[in-house]
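Let me begin by presenting the structure, written as structure tokens, before commenting on it.
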Amino acid sequence: MEGTNKFEIIIVGGSYAGLSAAMALGRSLRKVLVIDSGKPCNAQTPHSHNFLTQDGQAPGEIAAIAKGQVEKYDSVQFYDGLAVQGKKIDEGFEIFTQRGDTFTAKRIIFATGLKDIMPDIPGYSDCWGISILHCPYCHGYEVRHQKTAILANGEHANHYAELISHWTNDLVILTNGKSTLTSEQTQKIRSHGIDIIETEIQSLEHKKGKIQNVIFKDGSRVDITAIYSSPENVQHCNIPEQLGCEFAEEGLISVDMFQKTSVEGVYACGDNSGLRAVSIAVSSGSVAGIVANKDLISEGF
């Protein structure tokens, strides 16, 4: 891309949020570069749900259709690679890639998502996104009324127990060690017929990612169809931190209702700054693109 390294807006991340922002900007006649490493967090998930017109489609198919539509806008270009560094310059921002390429832009939109940190339980990563689920609104209908486990402890387990009990009453909580639920929480959970197992987990038995049994370290087991779990996660990209963006307590990039970060000229959208859902990623990406375009219009008017 020699000679074409200057853009009006660079979007780092080319999944749902990034593509949505790119479409808004392409339709706004903006010269845009989308930098994408091709590693979406839901790559292993077989079906995406709760997104109008695309309910039940494979995530990769949705993204492929979206990219094909965005590619029709000539002012939007794509770069396959990983953005590794960024800095503020007089003209805006400079982004460096792993391959040694450098690009500049007046505005930056981060649609970089989150990276999930899998717990050290054999079988967990194989089932993640298939039968180990994080969101009942995304996948709860498909495992409704089935034997379901909650892999969590403390307040997180208490929250999940209340929420998931709406989709199934065949529930068990796996704390994977001593429970940190309060006595009041424990009593309320058990009053709803939800068992609490504190035995540490040895492994998860599955067939092609579909959970069948939880094996405990004492040799016991429990048969399960689905598990709700929210593993720890970190920002997939550290460039917002390099640029000085503020972060919320839970580790998300802090943004306002217009997807603006604390750094002037920098926007964030999708999982890195909001709820994890395809529909929300698309919505926030569209907002980021529209606002970034309006800010450039106002700057030059």
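Chain labels follow the order of the structure tokens: the first chain is A, the next B, and so on; residue numbering restarts at 1 in every chain, and ligands are counted from 1 in their shown order.
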
Inset, instruction - Pick out the residues sitting within 8 Å of Gln44 (chain A), and hand them over as a PyMOL selection string; count only C-alpha atoms, and ignore anything fewer than 5 positions along from it in its own chain. - result: chain A and resi 128-130

Inset, instruction - Can you pull out every residue within 6 Å of region 248-261 of chain A, counting only C-alpha atoms, but drop anything in the same chain fewer than 2 positions away, and send it as number ranges by chain? - result: A: 246, 263, 266-268, 272-273, 288

Inset, instruction - One decimal, Å: what's the distance from CA of Ile132 (chain A) over to CA of Ile62 (chain A), could you say? - result: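 Straight-line distance from CA of Ile132 (chain A) to CA of Ile62 (chain A) works out to 21.4 Å.
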
Inset, instruction - Extract the full set of strand (DSSP E) residues from region 115-248 of chain A according to DSSP on the backbone, and format it as a VMD selection string. - result: chain A and resid 115 to 117 132 to 133 148 to 151 171 to 174 195 to 197 201 to 207 210 to 216 221 to 223 226 to 228 232 to 235

Inset, instruction - Mind checking which residues fall within 9 Å of Ile35 (chain A), counting only C-alpha atoms, ignoring those fewer than 5 positions away in the same chain, and posting them as a PyMOL selection string? - result: chain A and resi 10-14+77-83+97

Legend entry - Surrounding residues of Ser125 (chain A) excluding itself and chain neighbours under 5 positions, 12 Å, only C-alpha atoms, as number ranges by chain: A: 44-45, 116-120, 130-133, 203-206, 208-211, 229, 231

Restricting the output to C-alpha atoms, write the selected residues as a short mmCIF file (atom, residue, chain, number, x, y, z; two decimals), in the first residue's frame.
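File produced: again20.cif:
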data_model
loop_
_atom_site.label_atom_id
_atom_site.label_comp_id
_atom_site.auth_asym_id
_atom_site.auth_seq_id
_atom_site.Cartn_x
_atom_site.Cartn_y
_atom_site.Cartn_z
CA GLN A 44 -15.62 -21.26 17.34
CA THR A 45 -19.31 -20.48 17.87
CA ASP A 116 -10.92 -14.60 26.60
CA ILE A 117 -8.55 -16.31 29.05
CA MET A 118 -9.58 -19.96 29.27
CA PRO A 119 -9.43 -21.58 32.73
CA ASP A 120 -7.03 -24.49 33.19
CA ILE A 130 -20.38 -24.38 21.55
CA SER A 131 -21.78 -25.80 24.79
CA ILE A 132 -20.04 -23.50 27.27
CA LEU A 133 -21.98 -20.27 26.93
CA SER A 203 -11.98 -32.21 33.30
CA LEU A 204 -14.92 -31.89 30.94
CA GLU A 205 -15.96 -34.79 28.73
CA HIS A 206 -17.34 -33.74 25.37
CA LYS A 208 -16.70 -32.18 19.30
CA GLY A 209 -17.29 -29.39 21.81
CA LYS A 210 -20.65 -30.61 23.05
CA ILE A 211 -20.35 -31.17 26.79
CA SER A 229 -19.47 -19.46 32.32
CA PRO A 231 -13.97 -16.60 31.78
#

Legend entry - Atom pair CA of His49 (chain A) / CA of Gln69 (chain A): separation (Å): 20.8 Å

Inset, instruction - Point out the residue among A:Ser165, A:Thr102, A:Gln85, A:Ser179 with the least atom-to-atom distance to Gln242 (chain A), counting only C-alpha atoms. - result: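 Counting only C-alpha atoms, the residue closest to Gln242 (chain A) is A:Gln85.
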
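Of the listed residues (A:Phe96, A:Tyr137, A:Phe103, A:Phe7), A:Tyr137 comes nearest to Ser279 (chain A); the distances count only C-alpha atoms.
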
Inset, instruction - From the DSSP assignment of the backbone, select every residue of region 5-192 of chain A that is helix (DSSP H, G or I), and format the answer as an MDAnalysis selection string. - result: chainID A and resid 16:26 59:70 124:127 136:143 154:164 183:191

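Distance annotation: of A:Ile290, A:Cys127, A:Ala17, A:Ile201, the residue with the minimal separation from Leu174 (chain A) is A:Ile201; atom set is only C-alpha atoms.
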
Inset, instruction - Pick out the closest residue to Ile164 (chain A) from this set: A:Thr148, A:Asn176, A:Thr199, A:Gln212. Count only C-alpha atoms. - result: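 Of A:Thr148, A:Asn176, A:Thr199, A:Gln212, the one nearest Ile164 (chain A), counting only C-alpha atoms, is A:Thr148.
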
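One finds CA of Arg221 (chain A) at 17.4 Å from CA of Lys178 (chain A).
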
Set out as CSV a contact list for region 17-93 of chain A and region 291-294 of chain A with a cut-off of 9 Å, giving each residue of region 17-93 of chain A that qualifies its closest atom pair and distance in Å to one decimal, counting only C-alpha atoms, ordered by chain and rising residue number.
residue,atom,partner,partner_atom,distance
A:Ala24,CA,A:Asn293,CA,8.5
A:Leu25,CA,A:Asn293,CA,6.6
A:Ser28,CA,A:Asn293,CA,7.0
A:Arg30,CA,A:Asn293,CA,7.7

Prev. selection, all heavy atoms, output as a JSON list (two decimals), in the first residue's frame:
[["chain", "number", "residue", "atom", "x", "y", "z"],
["A", 24, "ALA", "N", -20.76, 2.91, 7.54],
["A", 24, "ALA", "CA", -21.22, 4.28, 7.76],
["A", 24, "ALA", "C", -20.26, 5.30, 7.16],
["A", 24, "ALA", "O", -20.68, 6.30, 6.57],
["A", 24, "ALA", "CB", -21.40, 4.54, 9.26],
["A", 25, "LEU", "N", -18.97, 5.02, 7.28],
["A", 25, "LEU", "CA", -17.96, 5.95, 6.78],
["A", 25, "LEU", "C", -17.80, 5.86, 5.27],
["A", 25, "LEU", "O", -17.55, 6.86, 4.59],
["A", 25, "LEU", "CB", -16.63, 5.69, 7.48],
["A", 25, "LEU", "CG", -16.63, 6.09, 8.96],
["A", 25, "LEU", "CD1", -15.45, 5.47, 9.69],
["A", 25, "LEU", "CD2", -16.61, 7.61, 9.09],
["A", 28, "SER", "N", -20.25, 7.81, 3.78],
["A", 28, "SER", "CA", -19.99, 9.22, 4.04],
["A", 28, "SER", "C", -18.80, 9.73, 3.24],
["A", 28, "SER", "O", -18.26, 10.81, 3.52],
["A", 28, "SER", "CB", -19.73, 9.44, 5.54],
["A", 28, "SER", "OG", -20.85, 9.03, 6.30],
["A", 30, "ARG", "N", -15.74, 8.84, 3.11],
["A", 30, "ARG", "CA", -14.49, 8.98, 3.84],
["A", 30, "ARG", "C", -13.44, 7.96, 3.37],
["A", 30, "ARG", "O", -13.77, 6.82, 3.06],
["A", 30, "ARG", "CB", -14.73, 8.79, 5.34],
["A", 30, "ARG", "CG", -15.54, 9.90, 5.99],
["A", 30, "ARG", "CD", -14.82, 11.23, 5.90],
["A", 30, "ARG", "NE", -15.62, 12.31, 6.52],
["A", 30, "ARG", "CZ", -15.27, 13.58, 6.48],
["A", 30, "ARG", "NH1", -14.16, 13.96, 5.86],
["A", 30, "ARG", "NH2", -16.05, 14.50, 7.04]]

Legend entry - Pick from A:Cys237, A:Leu151, A:Val70, A:His47, whichever lies nearest to Glu198 (chain A) using only C-alpha atoms: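 Selected residue with least distance to Glu198 (chain A): A:Leu151.
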
Inset, instruction - Do a neighbour search on Lys88 (chain A) at 10 Å with only C-alpha atoms, toss out local chain neighbours closer than 4 positions, and write the hits as a count of residues only. - result: 12

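For the choices A:Asp74, A:Asp126, A:Glu200, A:Asp90, the atom-to-atom distance to Met23 (chain A) is smallest for A:Asp74 when using only C-alpha atoms.
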